[in-house]
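Novice: Quick one: the structure is below, questions incoming.
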Amino acid sequence: MSSDLCGDLIADIFSRLPTKSLLRFRSVSKSLCACIGSPDFIQLHSLRSPNTVVVTHRIRDKGEAQDKHIYTLHSDGQLAYKYHPYMGIPTIEYPFKKCKIVGSCNGILCVCEYGTGEHGARLYLWNPSIRRKVTVPFISWVDGFGFDPIIDDYKILRISKAGSSVYTVKTRTCRVIASPISPFSSWKSYQCIFNGALHWTVKRYLTRDIRHYYIMTFDLSSEVFSTIELPEPSWKTRLVTVIKGSLAVISTKPDYSIIWVMREYNNTASWSVVSELNSNPFKGAQRVVPIAPNDELLCISFKYYKEILVYNPKTQVRMRLADFSDSSRILDVNLCVESLGLLDMGLHEGSKLPGKQEENK
């Protein structure tokens, strides 16, 4: 009994430590190494870990034939500081070249890298906190990524009119599922995970000239598509995110913007305005993610303006996120949790993991 209590106490204490320390502590003993690498501990640690912002940079070097790609890890509060946010932050070699981030969940990013693989692209799961990635033997072009708590497994989704499919990571199985009942013509947002489901704003044509915008959802456990109506007029709404634990959308026009939250999930009558602005700080944004500590919003825009804005809805102050250097440009920004996910699988990038010298699988 005392041994079990001691083990539970150690796990509780260690689950509050950063990943870098835990990787070193694996070399202390075999029992501690097994504890840190166990699925239960990894899940507990991810629930208690802070958010991390992954910023990807491209650096132009006149002396090199190719540009250098790096990434930096930040606590989400660091990006709201007015001084240079990269002071004291180490740079890490980015393991991909031309790629698209499909989604982020529990500290793991689903990455589609172009120009590789049999079909010109390859799919990976990547944990930037521990620099570990796993190659996924699935079709390269996918639309969603998330975690199913019922079966304790990650799922990768591909949506097609001909037939959608889901790949489960641990079992390495792929199966065909029913496609969305309501056909849509195009995506208007990146995925947003909330309440165990994936959410996107999408567009479909009711007639040749009449368009309808709504939220399409995919339940990661039941694997069923559904819809949520947007506040009217729906055509003004493009962005879906999570604000203070509620599903939220942002409606924009050139000279103003409105932030809506759904007070009761899946109840369209509960859409409520929480902020109405006489400006549009979200102009051109493809993603908006909340960051601490002052409830700022990270507005990610690359298609038109190629910039990142940190915006505070309360003070209405917005600040452009600085580049790493004069010769660099930010390629992407993603929010994830510092976690040990993928520790028990995949390859570590570069040198061996600290504290585990005998491992080089």
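Order determines the names: the first chain of the structure tokens is A, the second B, and so forth; residues in each chain are numbered 1 upward, and ligands are numbered 1 upward as they are shown.
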Excluding Trp260 (chain A) and its own-chain neighbours fewer than 2 positions away, which residues fall within 9 Å of it when counting only C-alpha atoms? Please give them as a ChimeraX atom specification.
Specialist: /A:231,247-251,258,262,271-276
Novice: List the spatial neighbours of Arg60 (chain A) as a list in words - criterion: any atom at most 10 Å away, only C-alpha atoms, same-chain residues fewer than 6 positions off excluded.
Specialist: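 Those residues are Gln66, Asp67, Lys68, His69, Ser325, Asp326, Ser327, Ser328 and Arg329 of chain A.
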Novice: With C-alpha atoms kept, could you save the residues just selected as a short mmCIF file (atom, residue, chain, number, x, y, z; two decimals), in the first residue's frame?
Specialist:
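As written to disk, part-v7.cif reads:
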data_model
loop_
_atom_site.label_atom_id
_atom_site.label_comp_id
_atom_site.auth_asym_id
_atom_site.auth_seq_id
_atom_site.Cartn_x
_atom_site.Cartn_y
_atom_site.Cartn_z
CA GLN A 66 18.58 27.17 -49.63
CA ASP A 67 16.68 29.07 -46.97
CA LYS A 68 16.85 27.79 -43.42
CA HIS A 69 13.66 26.81 -41.58
CA SER A 325 15.36 38.84 -37.60
CA ASP A 326 15.66 41.29 -40.50
CA SER A 327 16.38 38.39 -42.87
CA SER A 328 13.52 36.16 -41.70
CA ARG A 329 9.79 35.82 -42.21
#
Novice: Find the residue from A:Asp153, A:Asp332, A:Asp323, A:Glu64 that sits nearest to Pro85 (chain A); use only C-alpha atoms when measuring.
Specialist: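 Smallest separation from Pro85 (chain A) among the options: A:Asp323.
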Novice: Go ahead and compute the interatomic distance for CA of His45 (chain A) and CA of Arg24 (chain A), in Å to one decimal.
Specialist: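 Going from CA of His45 (chain A) over to CA of Arg24 (chain A), I get 15.5 Å.
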Novice: Given the choices A:Tyr114, A:Ser246, A:Phe25, A:Asn294, which gets closest to Thr315 (chain A) if the distance is worked out from only C-alpha atoms?
Specialist: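 Answer, going by the shortest atom-to-atom distance: A:Asn294.
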Novice: For Lys188 (chain A), list every protein, DNA or RNA residue within 8 Å, evaluated using only C-alpha atoms, and leave out those in the same chain fewer than 3 positions away; present the list as a list in words.
Specialist: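 Listing them by chain and then by number gives Trp200, Thr201, Val202, Lys203, Arg238 and Leu239 of chain A.
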Novice: Atoms to include: N, CA and C atoms. Write the selected residues as an mmCIF file, in the first residue's frame.
Specialist:
data_model
loop_
_atom_site.group_PDB
_atom_site.id
_atom_site.type_symbol
_atom_site.label_atom_id
_atom_site.label_comp_id
_atom_site.auth_asym_id
_atom_site.auth_seq_id
_atom_site.Cartn_x
_atom_site.Cartn_y
_atom_site.Cartn_z
ATOM 1 N N TRP A 200 -15.893 23.593 -38.592
ATOM 2 C CA TRP A 200 -15.427 24.449 -39.681
ATOM 3 C C TRP A 200 -16.590 25.353 -40.104
ATOM 4 N N THR A 201 -16.287 26.550 -40.579
ATOM 5 C CA THR A 201 -17.308 27.319 -41.296
ATOM 6 C C THR A 201 -17.168 26.965 -42.775
ATOM 7 N N VAL A 202 -18.291 26.663 -43.402
ATOM 8 C CA VAL A 202 -18.296 26.243 -44.807
ATOM 9 C C VAL A 202 -19.366 27.013 -45.575
ATOM 10 N N LYS A 203 -19.269 26.933 -46.885
ATOM 11 C CA LYS A 203 -20.209 27.620 -47.764
ATOM 12 C C LYS A 203 -20.823 26.628 -48.737
ATOM 13 N N ARG A 238 -16.771 34.188 -40.975
ATOM 14 C CA ARG A 238 -15.781 33.302 -41.577
ATOM 15 C C ARG A 238 -14.981 32.523 -40.527
ATOM 16 N N LEU A 239 -14.804 33.097 -39.345
ATOM 17 C CA LEU A 239 -13.867 32.558 -38.368
ATOM 18 C C LEU A 239 -14.597 31.864 -37.225
#
Novice: Which residues are near Val102 (chain A)? Cut-off 9 Å, only C-alpha atoms, ignore same chain within fewer than 6 positions. Put them as a list in words.
Specialist: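 Counting only the stated atoms, we get Leu109, Cys110, Val111, Cys112, Val142, Asp143, Gly144, Phe145, Tyr190 and Gln191 of chain A.
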Novice: Could you check which of A:Ile330, A:Cys99, A:Met345, A:Ile108 is closest to Ala121 (chain A), using only C-alpha atoms?
Specialist: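 That would be A:Cys99, the residue with the smallest distance to Ala121 (chain A).
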Novice: Set the distance at 10 Å and use only C-alpha atoms: which residues neighbour Tyr205 (chain A) once local chain neighbours fewer than 4 positions away are removed? I'd like the list as a ChimeraX atom specification.
Specialist: /A:183-186,209-213
Novice: Step one, run DSSP on the backbone; step two, keep only residues of region 57-213 of chain A assigned to strand (DSSP E); then write them as a PyMOL selection string.
Specialist: chain A and resi 57-59+68-75+92-93+99-105+108-114+121-127+132-136+144-148+153-158+164-168+173-177+186-187+192-194+197-205+211-213
Novice: Looking at only C-alpha atoms, which of A:Tyr154, A:Phe194, A:Phe282, A:Phe225 is the one that sits closest to Lys244 (chain A)?
Specialist: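 Smallest separation from Lys244 (chain A) among the options: A:Phe194.
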Novice: What is the distance, in Å and to one decimal place, between CA of Arg48 (chain A) and CA of Gly107 (chain A)?
Specialist: 11.9 Å
Novice: Can you work out which one of A:Leu340, A:Met216, A:Ala269, A:Ile151 has the shortest atom-to-atom distance to Leu17 (chain A), counting only C-alpha atoms?
Specialist: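 Looking at the shortest contact to Leu17 (chain A), the residue is A:Leu340.
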Novice: Give me, as JSON, numbers by chain, all polymer residues having an atom no more than 12 Å from Ala34 (chain A), counting only C-alpha atoms and skipping those fewer than 4 positions away in the same chain.
Specialist: {"A": [7, 11, 22, 23, 25, 26, 27, 28, 29, 30, 38, 39, 40, 41, 42, 343, 344, 356]}
Novice: Per DSSP on the backbone, filter region 210-313 of chain A down to the residues in helix (DSSP H, G or I) and report them as a PyMOL selection string.
Specialist: chain A and resi 234-236+268-270
